[in-house]
Amino acid sequence: ELLETHTPPPRLLAARASASAAARFLSALDLLLRMAPPSSSSDPTQRLAPARERPAPDAAPDFESYEYVGAASQLRHEAQSSHTTDQERVMLLLNTTLAPLVLGVLIGATAYVSNACAELLLRAKWGITFWLLSFPFGAILAYPLFTALCVALAAGAAAVSLWAPAACGSGIPMVKVELNGVRVPGALSARTLLVKLAGITLVVASGLPCGREGPMVQLGAGIGRLVLRWQSRLLSLSCCTSAAAQVRILDGDRHLRDLVSMGAAAGVAAAFNAPIGGVLFSLEEVSTHWSQSLTWRAFFAAIVAALSVAWLFSGLWTGIIASEGPPV
C-alpha cells in the first residue's frame with residue numbers, strides 16, 4: 001500500500017519528460033545525418049564550412065595585424081638588465097633626435113615639391129589662357145582650351161591612381177587603420193607615396209576643390225615608415241650586436257606606430273605651416289597611443305617640417321630667407 005500511494009514530485013516528472021524529448025530529438029538528428037549524401041571531401045570541417053573548400057583565386061590579400069604589445073623574452077630581459085653601452089646611446093640619439101629631424105626634412109621637401117610643381121602647372125595653364133586672350137578673337141579658343149587643360153589634369157590624377165589603388169581618397173582613413181593595428185597592403189608603400197604625390201599635384205593644378213591635408217597626412221606616415229626601414233637597416237649592421245639593438249628591431253611595429261604618428265603631425269604642419277596644429281591633429285584624430293616622449297618628438301618633427309617648407313619657398317623662389325611660408 002505504501003508503494004502504491006507514493007508518487008514522484010512534479011519537478012522530477014518534468015525533468016524526465018525533458019530528457020526523453022531531448023533523446024528523441026538527438027536520435028532523429030542522427031538519422032537525418034546518416035541519410036544525407038556523402039561529401040566529396042574527406043575533411044569534416046570542410047563539410048561543415050563549404051565556403052572554405054574553394055577559395056577564390058583572385059581574392060584580396062589578407063589584412064594582418066601589428067604587434068604593438070611587446071612579448072616577454074630572454075633577449076628583452078638581457079637588454080633591460082644590461083648596462084648602457086655606446087650602441088644604446090647611438091640608438092637613443094637616433095630615436096629622439098635624428099629620426100624626427102630626418103622625418104621633418106623629408107616631409108618638408110615633399111610638401112615643397114608638391115606645391116612648387118602645382119604652382120608651375122597653374123602658371124603654365126593661366127599663361128596659355130591669357131596669351132590667347134590677348135588676341136582679338138582669342139576668347140574663342142581660350143575658354144575651351146582652359147577647360148580641356150583642367151579636365152586633362154584631373155584625368156591624369158585619376159589615371160596614376162590605377163598604379164596604386166591605395167593612394168585613392170584623402171589618406172586619413174588609411175592612416176587611422178594603420179594606427180589601429182591593421183596592416184593594410186600597400187597603404188604606406190613607396191609606390192603609394194609616389195602616386196599620392198603625383199595625384200595631389202595634378203588635382204591641385206586642375207582646380208578641383210581638393211586640399212593637401214589628407215594627402216600630406218598619408219605622405220608623412222609613409223615617409224615615417226621609410227625612415228624606420230632605413231633605421232632598421234642601420235641597426236642590422238654587424239657592429240650593432242647588442243641585445244638592445246636586437247630588441248629594437250624586434251619592436252619594429254611599436255616604433256612604426258610612433259613614426260607614423262610623428263609623420264602625420266609633420267604632414268599637417270607642412271601643409272598649413274602650423275606645427276602645434278599638426279601635433280594636436282595627430283593626437284586627437286588619428287593616433288590611438290600617445291606618450292609624453294612622443295609629444296616632444298612629434299612637435300620637433302612638425303617644427304622641422306614647417307621650417308623646411310618656409311625656407312625652401314623663401315630661399316629658392318625669392319632669394320630671401322624668410323619665415324612667411326609658401327606663397328598663396
# chains A, B, ... in the order shown; residues from 1 in each chain; ligands from 1
>>> residues_around(residues="Tyr68 in chain A", least_positions_apart="6", cutoff="8 Å", atoms="only C-alpha atoms", output="list of chain:residue names")
A:Gly181, A:Asp251, A:Asp253, A:Arg254, A:Arg257
>>> write_last_selection(atoms="N, CA, C and O atoms", output="PDB file, in the first residue's frame")
ATOM      1  N   GLY A 181      46.210  49.269 -35.662  1.00  0.00           N
ATOM      2  CA  GLY A 181      46.812  47.945 -35.574  1.00  0.00           C
ATOM      3  C   GLY A 181      46.555  47.042 -36.751  1.00  0.00           C
ATOM      4  O   GLY A 181      46.883  45.860 -36.681  1.00  0.00           O
ATOM      5  N   ASP A 251      60.997  45.123 -31.870  1.00  0.00           N
ATOM      6  CA  ASP A 251      59.863  46.007 -31.598  1.00  0.00           C
ATOM      7  C   ASP A 251      59.641  46.992 -32.735  1.00  0.00           C
ATOM      8  O   ASP A 251      59.276  48.153 -32.519  1.00  0.00           O
ATOM      9  N   ASP A 253      57.308  47.170 -34.968  1.00  0.00           N
ATOM     10  CA  ASP A 253      55.930  47.640 -35.126  1.00  0.00           C
ATOM     11  C   ASP A 253      55.599  48.763 -34.150  1.00  0.00           C
ATOM     12  O   ASP A 253      54.878  49.708 -34.494  1.00  0.00           O
ATOM     13  N   ARG A 254      56.115  48.686 -32.943  1.00  0.00           N
ATOM     14  CA  ARG A 254      55.847  49.742 -31.966  1.00  0.00           C
ATOM     15  C   ARG A 254      56.520  51.043 -32.379  1.00  0.00           C
ATOM     16  O   ARG A 254      55.939  52.129 -32.248  1.00  0.00           O
ATOM     17  N   ARG A 257      54.576  52.624 -35.200  1.00  0.00           N
ATOM     18  CA  ARG A 257      53.411  53.357 -34.720  1.00  0.00           C
ATOM     19  C   ARG A 257      53.786  54.781 -34.322  1.00  0.00           C
ATOM     20  O   ARG A 257      53.080  55.747 -34.673  1.00  0.00           O
TER      21      ARG A 257
END
>>> residues_around(residues="Arg297 in chain A", least_positions_apart="6", cutoff="10 Å", atoms="only C-alpha atoms", output="MDAnalysis selection string")
chainID A and resid 95:97 99:101 258:259 261:262 279 303
>>> atom_distance(atom1="CA of Leu106 in chain A", atom2="CA of Arg225 in chain A")
12.0 Å
>>> residues_around(residues="Ala166 in chain A", least_positions_apart="4", cutoff="10 Å", atoms="only C-alpha atoms", output="list in words")
Ser161, Leu162, Gly171, Met174, Val184, Pro185, Gly186, Ala187, Leu188, Ser189, Arg191, Thr192, Leu193, Val195 and Lys196 of chain A
>>> closest_residue(among="A:Leu280, A:Ser293, A:Leu202, A:Val182", to="Ser65 in chain A", atoms="only C-alpha atoms")
A:Val182
>>> select_by_dssp(residues="range 130-286 of chain A", states="alpha helix (DSSP H)", output="ChimeraX atom specification")
/A:130-133,139-160,172-179,190-206,213-235,243-250,252-272,275-281
>>> closest_residue(among="A:Ser134, A:Asn180, A:Thr110, A:Gln231", to="Ile200 in chain A", atoms="only C-alpha atoms")
A:Thr110
>>> residues_around(residues="Val304 in chain A", least_positions_apart="4", cutoff="7 Å", atoms="only C-alpha atoms", output="MDAnalysis selection string")
chainID A and resid 101 104:105 300 308
>>> atom_distance(atom1="CA of Glu64 in chain A", atom2="CA of Arg183 in chain A")
5.1 Å
>>> atom_distance(atom1="CA of Ile128 in chain A", atom2="CA of Val204 in chain A")
17.7 Å
>>> residues_around(residues="Gly267 in chain A", least_positions_apart="2", cutoff="10 Å", atoms="only C-alpha atoms", output="PyMOL selection string")
chain A and resi 103-104+107-108+110-111+212-221+223+261-265+269-275+278-279+282+301-302+305-306
